[in-house]
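Report on one structure; see the data block that follows.
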Amino acid sequence: MENEAGALSRVAGLFSARGYNIESLTVAPTEDSTLSRMTLVTVGSDDVVEQITKQLNKLIDVVKIIDLSDGDHIECELMLVKVRAIGKDRKEIKSTADIFHGRIVDVTDKSYTIELTGTGSKLDAFLETMERKSILETVRTGASGIGRGERILKI
Amino acid sequence: MDTKELTGAEITIRCLQEEAVDFIFGYPGGAVLFIYDELFKQDKVKHILVRHEQAAVHAADGYARSGNKAGVALVTSGPGVTNAITGIATAYMDSIPMVIISGQVPTPAIGLDAFQEVDTVGITRPCVKHNFLVKDITELATTIKKAFYICATGRPGPVLVDIPKDVSQEKTKFTYPSNVVMRSYNPTSKGHPGQLKKAMQLILGSKRPMIYTGGGVILSNAAAQLTSLVQMLNFPCTNTLMGLGGYPATDKQFVGMLGMHGTYEANMAMQQCDVLIAIGARFDDRVIGNPKHFFNKDRKIIHIDIDPSSISKRVKVDVPIVGNVSHVLIELIKLLETSKEKTNQTALKSWWKQINQWRERDCLKYDRKSPIIKPQMVVEKLYKITKGNAFITSDVGQHQMWAAQFYKFDKPRRWINSGGLGTMGFGLPAAMGVQFANPKGVVACITGEASIQMCIQELSTCKQYNLPLKIINLNNRYMGMVRQWQEFFHGNRYAESYVDALPNFVKLAESYGHVGMKIEQPSDIESALKEAFGLKNRLVFMDFITDQTENVFPMVPGGKGLSEMILV
């Protein structure tokens, strides 16, 4: 979409006005600074998703839309999670993070902050392996997506 | 190209001149004073001063609907904008091309809760096709050009341009772009040839066809093409409330309006047809009722519309055709003319026989001998006196439905009403806009005693500009449609629908400098109308005291299907 002030609120406003769900939404400028790329995750029947696509296309600031789930695609989300890490737990948490290809990006004597990327379900799985009470804080970006192989969204 | 630098206000007016805007409807205020100052210094763009910003937008709307040209309104920041919202939402729901220019507090004050500040772009976002806040004067002219382009192309709609006061004061060089190219906005106009062929096959194979058309036919100026199509096929045709005038109502192939208060024959034919050709219409709830009840597995649907999101929104269609109705109809007619196959005449004959049987039900009958004035009779007499040539605006409620049922519109852009939003208070200011767009036209506003009071202050505007409107007030002392629903669905409990403490409308009209008339006898209807329409240079407010208990029939109750009508 056009990298214009207010473009994001037009999209968000459309979803709330028409009663559609937003599971997650990420947006940032692209290599062309006049354009922003948004990945929006929603759920609905085929009819609802078709209607959402049509309604989004009507927004003047929206340049092009593709439904990534129509074909092969890559989906990736970033999570930062701060966990309580004391005594013998420290080693175990570290090794769990390694298994998930996470990185510990900040350390105190009581906590780790772990950076983890991957699909939403991978991040969910990591959180499930952590003891509920040891999770101090989580921040997730929501999914960013791109087509697999030669499939590209170009204007 | 001018080498001299112009202020933002000058640029704004120059843009309007470039767009050949002849009238602009508005109300001044702090944030638009520089723009008003420039309006004052020229006379190409004539400003019409209303008495409330809602009326400015409705007037621009009536101007656009009847005149086939974008309407323009000018309002100040804050309350100027909030007052205009009802008008903007009205135009949005009915896809009316319009540019609204609003003043905004100076850019350094934005976001600081300044005097008369509202987030105009935010507050209008859900009810405009698009809007802009101009923060940089060098973008002003291009933005106004874009606004005029966007509002009138594709599916039309209102576009708002918010101009901060400091931007209207700053200076820059002025050039008006001759065209705009937007990578994110390229509306389709031509229908897909493959889809058109599929549509033709369905049409030729149909046994019980029906053509159902809406506001899209009016907006794309396709009435002539529609008439050709309907007549070459000898198919029945119905119009929605927004589509009246798209096909001549006096023609025998017209089966009346359809929908909640549509005719028995139109609704039955919609329900029982085997091929439905929907043109510039959107299957909305007041038209087809409950989509589950409307569903018929034996019916195929062709849907022609410029807006892809209108297609398969409430009703699944078999052959979608996205495109400008006018272009698509021209292509479709060409295809049908060159086709070797012809329509099934035998089947069509028995279909017409069935439709004519439904017609015999005479669903619009009412008591013509009543000693109390029947509102339907007033509309019928109005039709007779004006020979069907008037521009008719209406407000919202029972009177609107009677106007739609009993005034036969043979031409497009003659019936001006708020169909989508259903805005009471629309009729009078819209009529003002219609009169400005058609200075020689006869303009009547059919209204009720409740609706008319929602923008009654505009009688003053009418005096200032000598607008010879004829106001037909169907006065039954009730918010009639509310009362009707309360009678049918709320056990006759008329909660707050009695319109008490009414003014003396005759004196009220006179105090604004107009002519007032009160009509109480059915035998006086015709002579009073003749007298009023004889006063060619005066606004006449005709207060018809009508039957309080009259209801609009047929009626499809909410949640029901089209064939489940309550009949008189």
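Each chain in the structure tokens gets a letter, A, B, ..., in the order shown, and its residues are numbered from 1; ligands are numbered from 1 in order too.
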Kindly provide, as an MDAnalysis selection string, the residues of chain B having any atom no farther than 7 Å from an atom of chain A, counting only C-alpha atoms. chainID B and resid 130 183:185 308:309 313
DSSP helix (DSSP H, G or I) selection over segment 212-290 of chain B, as number ranges by chain: B: 215-219, 223-233, 241-243, 264-272, 285-288
Give me a file of those residues, with C-alpha atoms, as a PDB file, in the first residue's frame.
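Just written: selection.pdb:
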```pdb
ATOM      1  CA  GLY B 215     -29.020   3.123  -8.816  1.00  0.00           C
ATOM      2  CA  GLY B 216     -26.065   2.014 -10.943  1.00  0.00           C
ATOM      3  CA  VAL B 217     -28.163   2.471 -14.084  1.00  0.00           C
ATOM      4  CA  ILE B 218     -28.892   6.072 -13.091  1.00  0.00           C
ATOM      5  CA  LEU B 219     -25.307   6.821 -12.016  1.00  0.00           C
ATOM      6  CA  ALA B 223     -31.285   4.402 -18.917  1.00  0.00           C
ATOM      7  CA  ALA B 224     -31.403   4.465 -22.729  1.00  0.00           C
ATOM      8  CA  GLN B 225     -29.338   1.276 -23.019  1.00  0.00           C
ATOM      9  CA  LEU B 226     -31.437  -0.445 -20.376  1.00  0.00           C
ATOM     10  CA  THR B 227     -34.634   0.526 -22.178  1.00  0.00           C
ATOM     11  CA  SER B 228     -33.279  -0.874 -25.457  1.00  0.00           C
ATOM     12  CA  LEU B 229     -32.258  -4.123 -23.796  1.00  0.00           C
ATOM     13  CA  VAL B 230     -35.565  -4.645 -21.980  1.00  0.00           C
ATOM     14  CA  GLN B 231     -37.596  -3.874 -25.081  1.00  0.00           C
ATOM     15  CA  MET B 232     -35.555  -5.987 -27.502  1.00  0.00           C
ATOM     16  CA  LEU B 233     -35.932  -8.952 -25.150  1.00  0.00           C
ATOM     17  CA  LEU B 241     -35.976   2.599  -4.924  1.00  0.00           C
ATOM     18  CA  MET B 242     -32.644   4.004  -6.114  1.00  0.00           C
ATOM     19  CA  GLY B 243     -33.198   2.859  -9.663  1.00  0.00           C
ATOM     20  CA  TYR B 264     -46.820  -7.905  -5.581  1.00  0.00           C
ATOM     21  CA  GLU B 265     -45.978  -8.652  -9.220  1.00  0.00           C
ATOM     22  CA  ALA B 266     -42.374  -7.415  -8.953  1.00  0.00           C
ATOM     23  CA  ASN B 267     -41.660  -9.350  -5.776  1.00  0.00           C
ATOM     24  CA  MET B 268     -43.322 -12.541  -6.990  1.00  0.00           C
ATOM     25  CA  ALA B 269     -41.459 -12.377 -10.294  1.00  0.00           C
ATOM     26  CA  MET B 270     -38.158 -11.831  -8.457  1.00  0.00           C
ATOM     27  CA  GLN B 271     -38.809 -14.876  -6.335  1.00  0.00           C
ATOM     28  CA  GLN B 272     -39.984 -17.181  -9.120  1.00  0.00           C
ATOM     29  CA  ASP B 285     -31.921  -6.047   2.832  1.00  0.00           C
ATOM     30  CA  ARG B 286     -34.759  -3.668   1.929  1.00  0.00           C
ATOM     31  CA  VAL B 287     -34.792  -5.094  -1.596  1.00  0.00           C
ATOM     32  CA  ILE B 288     -34.654  -8.871  -1.235  1.00  0.00           C
TER      33      ILE B 288
END
```
Interatomic distance (Å, one decimal) between atom CA of Met555 of chain B and atom CA of Leu567 of chain B: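 Atom-to-atom, atom CA of Met555 of chain B and atom CA of Leu567 of chain B are spaced 6.8 Å apart.
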At a cut-off of 8 Å, using only C-alpha atoms, what residues contact segment 234-240 of chain B? Leave out same-chain residues fewer than 4 positions from it and give the result as number ranges by chain. B: 209-215, 230, 244-247, 253-259, 266, 281, 287, 348, 352
With N, CA and C atoms retained, could you export that selection as a short mmCIF file (atom, residue, chain, number, x, y, z; two decimals), in the first residue's frame?
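The resulting file, result-v4.cif, is reproduced below:
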```
data_model
loop_
_atom_site.label_atom_id
_atom_site.label_comp_id
_atom_site.auth_asym_id
_atom_site.auth_seq_id
_atom_site.Cartn_x
_atom_site.Cartn_y
_atom_site.Cartn_z
N PRO B 209 -37.56 -15.01 -17.24
CA PRO B 209 -36.50 -14.02 -16.95
C PRO B 209 -37.04 -12.81 -16.18
N MET B 210 -36.10 -12.12 -15.54
CA MET B 210 -36.47 -10.90 -14.82
C MET B 210 -35.27 -9.96 -14.83
N ILE B 211 -35.53 -8.71 -15.14
CA ILE B 211 -34.45 -7.71 -15.10
C ILE B 211 -34.69 -6.80 -13.90
N TYR B 212 -33.70 -6.74 -13.05
CA TYR B 212 -33.81 -6.01 -11.78
C TYR B 212 -32.69 -4.97 -11.76
N THR B 213 -33.04 -3.69 -11.74
CA THR B 213 -31.99 -2.66 -11.87
C THR B 213 -32.04 -1.65 -10.73
N GLY B 214 -30.87 -1.10 -10.43
CA GLY B 214 -30.76 -0.17 -9.31
C GLY B 214 -30.13 1.16 -9.67
N GLY B 215 -29.59 1.79 -8.66
CA GLY B 215 -29.02 3.12 -8.82
C GLY B 215 -27.85 3.18 -9.79
N VAL B 230 -34.30 -4.09 -22.49
CA VAL B 230 -35.56 -4.64 -21.98
C VAL B 230 -36.55 -4.82 -23.13
N LEU B 244 -35.37 3.98 -9.71
CA LEU B 244 -36.58 4.48 -10.38
C LEU B 244 -36.21 5.53 -11.42
N GLY B 245 -36.85 5.41 -12.58
CA GLY B 245 -36.53 6.32 -13.68
C GLY B 245 -35.52 5.69 -14.63
N GLY B 246 -34.90 4.60 -14.21
CA GLY B 246 -33.96 3.89 -15.07
C GLY B 246 -34.68 3.23 -16.24
N TYR B 247 -35.92 2.82 -15.99
CA TYR B 247 -36.78 2.29 -17.05
C TYR B 247 -38.11 3.02 -16.94
N GLN B 253 -43.93 -3.06 -19.79
CA GLN B 253 -42.97 -4.06 -19.31
C GLN B 253 -42.44 -3.75 -17.91
N PHE B 254 -42.80 -2.60 -17.39
CA PHE B 254 -42.37 -2.23 -16.04
C PHE B 254 -43.35 -2.83 -15.04
N VAL B 255 -42.82 -3.58 -14.09
CA VAL B 255 -43.72 -4.23 -13.12
C VAL B 255 -43.71 -3.52 -11.77
N GLY B 256 -43.17 -2.31 -11.74
CA GLY B 256 -43.17 -1.53 -10.51
C GLY B 256 -41.88 -1.72 -9.73
N MET B 257 -41.82 -0.98 -8.62
CA MET B 257 -40.66 -1.09 -7.73
C MET B 257 -40.75 -2.43 -7.00
N LEU B 258 -39.61 -2.98 -6.63
CA LEU B 258 -39.61 -4.20 -5.83
C LEU B 258 -39.17 -3.89 -4.41
N GLY B 259 -39.18 -4.91 -3.56
CA GLY B 259 -38.62 -4.74 -2.23
C GLY B 259 -39.64 -4.72 -1.12
N ALA B 266 -43.84 -7.50 -8.89
CA ALA B 266 -42.37 -7.42 -8.95
C ALA B 266 -41.73 -8.41 -7.99
N ALA B 281 -27.29 -2.96 -9.10
CA ALA B 281 -28.10 -3.08 -7.89
C ALA B 281 -27.32 -3.98 -6.94
N VAL B 287 -34.40 -4.69 -0.25
CA VAL B 287 -34.79 -5.09 -1.60
C VAL B 287 -35.17 -6.57 -1.67
N LEU B 348 -41.89 -17.29 -22.72
CA LEU B 348 -42.04 -15.89 -22.34
C LEU B 348 -43.51 -15.49 -22.28
N TRP B 352 -45.40 -14.02 -19.03
CA TRP B 352 -46.13 -12.75 -19.00
C TRP B 352 -47.57 -12.96 -18.51
#
```
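For the atom pair formed by atom CA of Leu16 of chain B and atom CA of Cys445 of chain B, the distance is 29.1 Å, given to one decimal.
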Shortest interatomic distance to Asp298 of chain B - which of B:Cys273, B:Val57, B:Val167, B:Leu112, counting only C-alpha atoms: B:Cys273
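Excluding Glu137 of chain A and any residue on its chain fewer than 5 positions from it, the residues at most 12 Å away by only C-alpha atoms are Met79, Leu80, Val81, Lys82, Val83, Arg84, Ser111, Tyr112, Thr113, Ile114, Leu127, Met130 and Arg132 of chain A.
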Min atom-atom distance to Ser312 of chain B from the set B:Thr343, B:Ser66, B:Pro164, B:Pro291, counting only C-alpha atoms, belongs to B:Pro291
Please, what distance in Å, to one decimal, runs between atom CA of Phe34 of chain B and atom CA of Gln435 of chain B?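 For atom CA of Phe34 of chain B relative to atom CA of Gln435 of chain B, the distance reads 28.5 Å.
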